[in-house]
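This report refers to the structure that appears directly beneath it.
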Amino acid sequence: KKEKERERKERMALETRLTKICGITHPIVQGGMHYVAYAELAAAVSNAGGLGIITALTQPNPEALRNEIRKTRKLTNKPFGVNITLLPAMSPPDYPAFIRVIVEEKVGIVETAGHSPGKIIKTLKENGIIVIHKCTTIRHALAAQRLGVDILSIDGWDCAGHPSLTEEVGNFVLLAVAAKKLSIPFIASGGVGNGAQLAAALTLGAEGVNCGTLFMATEEAPIHPNIKKALVDGKEGDTTHIFKTLKNTERVFKNKQSAKVLEMEAAKPGDFQAVRPFVSGALYKKSFQETGDTQSSVWSCGPAMGLIDDIPSCQVLIERMVADAEYVLKDTVMRVCRSRL
């Protein structure tokens with residue numbers, strides 16, 4: 001039985017530059033997500049052969065992040081990473097302290113995202129940390145490449161959370177342009193929900209995929225079952241964009257709360273104080289961790305929910321994705337590429 005299991009896993013392995021650089025088995029990354037990407041989920045993804053990531057700024061302070069890193073290490077001996085995102089805030093987090101904890105705890109991989117990451121990337125690279133930087137435009141990807149990141153995560157308009165503020169370009173075009181213009185490895189991020197898309201990303205030149213919404217609908221995701229059910233029941237059109245007038249666009253679940261935000265933005269464009277009561281992080285966390293009320297907060301998810309039909313374990317999800325990708329790649333060659341002999 002052990003021999004058959006080993007052979008099955010070997011058949012399913014898709015080796016790419018992502019898997020080689022990060023020391024993982026499968027070219028699948030679970031991206032950072034507020035109030036979702038805790039130790040339990042990250043460890044489950046890493047144990048399944050992907051790259052699990054915990055979110056630094058979900059933690060209330062740097063020392064809490066230290067504890068979460070140590071907790072993750074108790075749950076897995078496989079590689080995992082930490083996400084740190086630089087976004088506009090009325091009271092910015094203590095980024096240097098969070099970075100110091102990451103370095104002190106000898107985290108091997110960091111996913112960065114957001115504005116002006118140069119100083120943080122420099123510090124991470126000086127400490128021998130692998131940096132995966134998330135970009136929403138090729139212009140930003142080229143800039144990050146010059147800063148010395150190891151891998152780029154190309155985040156198309158179909159992503160959950162914060163897409164490009166200036167360019168509404170989906171991954172079908174964005175990945176093809178990335179393959180043409182970038183010289184370092186990149187992965188596809190945004191709208192990925194099954195193995196066929198993993199296969200498509202690989203054929204477009206990506207070295208793997210980054211998934212967020214998909215991993216929210218897993219057994220190990222530490223969020224309320226009602227949120228997971230909403231993702232299973234949801235369709236690809238059940239998201240909307242808020243904060244456009246604030247120049248901080250975010251894709252969220254289409255619900256009563258997001259409708260209120262859009263109404264207030266229409267009435268008072270660019271006025272954060274007008275929408276502030278409706279977009280509190282405390283409401284977001286309460287929905288995910290306590291009530292399971294899908295309507296009382298704005299919460300990030302992407303159109304990939306249109307591809308979610310069940311709530312599997314991370315192990316089942318990743319193995320299924322890889323097996324499906326392998327089948328699609330082989331089947332496409334058999335159907336399309338015919339010998340001239």
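Ordering of the structure tokens sets the chain letters (A, B, ...), residue numbers begin anew at 1 in every chain, and ligands are numbered from 1 in the order given.
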Could you write out, as a ChimeraX atom specification, all the residues of stretch 11-81 of chain A that DSSP marks as strand (DSSP E)? /A:28-30,52-55,80-81
Would you export the selected residues with C-alpha atoms as a PDB file, in the first residue's frame, please?
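Heads up, here's the output in selection-v6.pdb:
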```
ATOM      1  CA  ILE A  28       0.018  25.669  -5.618  1.00  0.00           C
ATOM      2  CA  VAL A  29       0.236  28.570  -3.162  1.00  0.00           C
ATOM      3  CA  GLN A  30      -2.410  29.491  -0.607  1.00  0.00           C
ATOM      4  CA  GLY A  52       0.740  27.516   3.039  1.00  0.00           C
ATOM      5  CA  ILE A  53       0.923  31.160   4.088  1.00  0.00           C
ATOM      6  CA  ILE A  54      -0.113  32.920   7.298  1.00  0.00           C
ATOM      7  CA  THR A  55      -1.135  36.588   7.234  1.00  0.00           C
ATOM      8  CA  PHE A  80       5.422  27.721   4.716  1.00  0.00           C
ATOM      9  CA  GLY A  81       5.439  31.482   4.357  1.00  0.00           C
TER      10      GLY A  81
END
```
At a cut-off of 9 Å, can you tabulate as a Markdown table every residue of stretch 184-253 of chain A near stretch 268-289 of chain A together with its closest atom pair and the distance in Å to one decimal, using only C-alpha atoms and ordering rows by chain then number?
```
| residue | atom | partner | partner_atom | distance |
| --- | --- | --- | --- | --- |
| A:Pro222 | CA | A:Gln289 | CA | 7.6 |
| A:Ile223 | CA | A:Phe288 | CA | 5.0 |
| A:His224 | CA | A:Phe288 | CA | 5.3 |
| A:Pro225 | CA | A:Phe288 | CA | 8.7 |
| A:Asn226 | CA | A:Phe288 | CA | 8.6 |
| A:Ile227 | CA | A:Phe288 | CA | 6.8 |
| A:Phe243 | CA | A:Gly270 | CA | 8.1 |
| A:Lys244 | CA | A:Gly270 | CA | 8.3 |
| A:Thr245 | CA | A:Gly270 | CA | 4.8 |
| A:Leu246 | CA | A:Gly270 | CA | 4.7 |
| A:Lys247 | CA | A:Gly270 | CA | 8.0 |
```
Pairwise distance for atom CA of A:Ser258 and atom CA of A:Pro93, rounded to one decimal in Å: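 Computing it gives 25.2 Å between the two atoms.
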Contact residues around A:Asp94 with only C-alpha atoms at 12 Å, ignoring same-chain residues under 2 positions, as an NGL selection string: :A and (56-57 or 59-63 or 84-86 or 89 or 91-92 or 96-101)
Could you check the closest approach to A:Ala206 for each of A:Val192, A:Met264, A:Met334, A:Ala176 and tell me which residue wins, using only C-alpha atoms? A:Ala176
Within 12 Å of A:Lys228 using only C-alpha atoms, minus same-chain residues under 6 positions, as a PDB file with N, CA, C and O atoms, in the first residue's frame:
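The resulting file, part25.pdb, is reproduced below:
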```
ATOM      1  N   VAL A  36      -8.431  34.535   7.779  1.00  0.00           N
ATOM      2  CA  VAL A  36      -8.525  33.177   7.227  1.00  0.00           C
ATOM      3  C   VAL A  36      -7.184  32.472   7.333  1.00  0.00           C
ATOM      4  O   VAL A  36      -7.107  31.314   7.750  1.00  0.00           O
ATOM      5  N   THR A 213      -9.669  32.371  -2.449  1.00  0.00           N
ATOM      6  CA  THR A 213     -11.076  31.995  -2.258  1.00  0.00           C
ATOM      7  C   THR A 213     -11.254  30.485  -2.193  1.00  0.00           C
ATOM      8  O   THR A 213     -12.016  29.971  -1.365  1.00  0.00           O
ATOM      9  N   LEU A 214     -10.540  29.769  -3.046  1.00  0.00           N
ATOM     10  CA  LEU A 214     -10.659  28.310  -3.097  1.00  0.00           C
ATOM     11  C   LEU A 214     -10.330  27.669  -1.752  1.00  0.00           C
ATOM     12  O   LEU A 214     -11.011  26.738  -1.307  1.00  0.00           O
ATOM     13  N   PHE A 215      -9.296  28.185  -1.087  1.00  0.00           N
ATOM     14  CA  PHE A 215      -8.894  27.602   0.190  1.00  0.00           C
ATOM     15  C   PHE A 215      -9.784  28.038   1.352  1.00  0.00           C
ATOM     16  O   PHE A 215      -9.747  27.423   2.428  1.00  0.00           O
ATOM     17  N   MET A 216     -10.578  29.094   1.151  1.00  0.00           N
ATOM     18  CA  MET A 216     -11.557  29.452   2.173  1.00  0.00           C
ATOM     19  C   MET A 216     -12.602  28.353   2.326  1.00  0.00           C
ATOM     20  O   MET A 216     -13.142  28.141   3.414  1.00  0.00           O
ATOM     21  N   ALA A 217     -12.883  27.651   1.218  1.00  0.00           N
ATOM     22  CA  ALA A 217     -13.896  26.598   1.234  1.00  0.00           C
ATOM     23  C   ALA A 217     -13.249  25.234   1.422  1.00  0.00           C
ATOM     24  O   ALA A 217     -13.445  24.310   0.624  1.00  0.00           O
ATOM     25  N   THR A 218     -12.439  25.102   2.472  1.00  0.00           N
ATOM     26  CA  THR A 218     -11.831  23.818   2.821  1.00  0.00           C
ATOM     27  C   THR A 218     -12.159  23.484   4.271  1.00  0.00           C
ATOM     28  O   THR A 218     -12.517  24.360   5.056  1.00  0.00           O
ATOM     29  N   GLU A 219     -12.012  22.224   4.613  1.00  0.00           N
ATOM     30  CA  GLU A 219     -12.304  21.782   5.976  1.00  0.00           C
ATOM     31  C   GLU A 219     -11.448  22.519   7.003  1.00  0.00           C
ATOM     32  O   GLU A 219     -11.915  22.869   8.090  1.00  0.00           O
ATOM     33  N   GLU A 220     -10.190  22.778   6.655  1.00  0.00           N
ATOM     34  CA  GLU A 220      -9.258  23.347   7.628  1.00  0.00           C
ATOM     35  C   GLU A 220      -9.332  24.865   7.728  1.00  0.00           C
ATOM     36  O   GLU A 220      -8.751  25.444   8.659  1.00  0.00           O
ATOM     37  N   ALA A 221      -9.995  25.530   6.802  1.00  0.00           N
ATOM     38  CA  ALA A 221     -10.098  26.992   6.884  1.00  0.00           C
ATOM     39  C   ALA A 221     -10.808  27.372   8.177  1.00  0.00           C
ATOM     40  O   ALA A 221     -11.944  26.949   8.414  1.00  0.00           O
ATOM     41  N   PRO A 222     -10.178  28.173   9.035  1.00  0.00           N
ATOM     42  CA  PRO A 222     -10.733  28.475  10.366  1.00  0.00           C
ATOM     43  C   PRO A 222     -11.764  29.599  10.332  1.00  0.00           C
ATOM     44  O   PRO A 222     -11.636  30.620  11.013  1.00  0.00           O
ATOM     45  N   GLY A 234     -22.469  30.321  -4.057  1.00  0.00           N
ATOM     46  CA  GLY A 234     -22.265  31.521  -4.854  1.00  0.00           C
ATOM     47  C   GLY A 234     -21.910  31.228  -6.304  1.00  0.00           C
ATOM     48  O   GLY A 234     -21.412  30.159  -6.647  1.00  0.00           O
ATOM     49  N   SER A 287     -17.977  38.263  11.504  1.00  0.00           N
ATOM     50  CA  SER A 287     -18.683  37.407  10.551  1.00  0.00           C
ATOM     51  C   SER A 287     -17.958  36.084  10.358  1.00  0.00           C
ATOM     52  O   SER A 287     -18.576  35.012  10.314  1.00  0.00           O
ATOM     53  N   PHE A 288     -16.640  36.169  10.227  1.00  0.00           N
ATOM     54  CA  PHE A 288     -15.840  34.975   9.922  1.00  0.00           C
ATOM     55  C   PHE A 288     -15.627  34.076  11.133  1.00  0.00           C
ATOM     56  O   PHE A 288     -15.643  32.853  11.007  1.00  0.00           O
ATOM     57  N   GLN A 289     -15.422  34.695  12.307  1.00  0.00           N
ATOM     58  CA  GLN A 289     -15.012  33.920  13.462  1.00  0.00           C
ATOM     59  C   GLN A 289     -16.124  33.644  14.474  1.00  0.00           C
ATOM     60  O   GLN A 289     -16.004  32.726  15.288  1.00  0.00           O
ATOM     61  N   GLY A 292     -20.984  34.044  11.523  1.00  0.00           N
ATOM     62  CA  GLY A 292     -21.240  33.418  10.229  1.00  0.00           C
ATOM     63  C   GLY A 292     -22.261  34.175   9.395  1.00  0.00           C
ATOM     64  O   GLY A 292     -22.740  33.675   8.373  1.00  0.00           O
ATOM     65  N   ASP A 293     -22.579  35.399   9.802  1.00  0.00           N
ATOM     66  CA  ASP A 293     -23.538  36.224   9.063  1.00  0.00           C
ATOM     67  C   ASP A 293     -22.871  36.742   7.792  1.00  0.00           C
ATOM     68  O   ASP A 293     -21.934  37.534   7.850  1.00  0.00           O
ATOM     69  N   THR A 294     -23.351  36.304   6.648  1.00  0.00           N
ATOM     70  CA  THR A 294     -22.718  36.655   5.373  1.00  0.00           C
ATOM     71  C   THR A 294     -23.099  38.053   4.896  1.00  0.00           C
ATOM     72  O   THR A 294     -22.533  38.548   3.922  1.00  0.00           O
ATOM     73  N   CYS A 301     -13.695  38.032  -1.413  1.00  0.00           N
ATOM     74  CA  CYS A 301     -13.725  36.738  -2.105  1.00  0.00           C
ATOM     75  C   CYS A 301     -13.737  37.045  -3.589  1.00  0.00           C
ATOM     76  O   CYS A 301     -13.942  38.193  -4.002  1.00  0.00           O
ATOM     77  N   MET A 305     -15.383  31.491  -6.837  1.00  0.00           N
ATOM     78  CA  MET A 305     -16.412  30.733  -6.110  1.00  0.00           C
ATOM     79  C   MET A 305     -17.396  30.066  -7.066  1.00  0.00           C
ATOM     80  O   MET A 305     -18.061  29.095  -6.699  1.00  0.00           O
ATOM     81  N   ILE A 308     -16.510  26.497  -7.154  1.00  0.00           N
ATOM     82  CA  ILE A 308     -16.478  25.743  -5.896  1.00  0.00           C
ATOM     83  C   ILE A 308     -17.783  24.967  -5.724  1.00  0.00           C
ATOM     84  O   ILE A 308     -18.863  25.557  -5.696  1.00  0.00           O
ATOM     85  N   ASP A 309     -17.678  23.653  -5.599  1.00  0.00           N
ATOM     86  CA  ASP A 309     -18.855  22.787  -5.478  1.00  0.00           C
ATOM     87  C   ASP A 309     -18.924  22.026  -4.162  1.00  0.00           C
ATOM     88  O   ASP A 309     -19.941  21.415  -3.848  1.00  0.00           O
ATOM     89  N   ASP A 310     -17.827  22.019  -3.397  1.00  0.00           N
ATOM     90  CA  ASP A 310     -17.803  21.252  -2.155  1.00  0.00           C
ATOM     91  C   ASP A 310     -16.807  21.868  -1.197  1.00  0.00           C
ATOM     92  O   ASP A 310     -16.172  22.887  -1.508  1.00  0.00           O
ATOM     93  N   ILE A 311     -16.663  21.255  -0.029  1.00  0.00           N
ATOM     94  CA  ILE A 311     -15.737  21.741   0.989  1.00  0.00           C
ATOM     95  C   ILE A 311     -14.802  20.584   1.361  1.00  0.00           C
ATOM     96  O   ILE A 311     -15.012  19.883   2.354  1.00  0.00           O
ATOM     97  N   PRO A 312     -13.779  20.361   0.560  1.00  0.00           N
ATOM     98  CA  PRO A 312     -12.871  19.234   0.796  1.00  0.00           C
ATOM     99  C   PRO A 312     -11.777  19.594   1.796  1.00  0.00           C
ATOM    100  O   PRO A 312     -11.636  20.751   2.214  1.00  0.00           O
TER     101      PRO A 312
END
```
Measure the distance from atom CA of A:Val107 to atom CA of A:Pro27 in Å and round it to one decimal. 19.4 Å
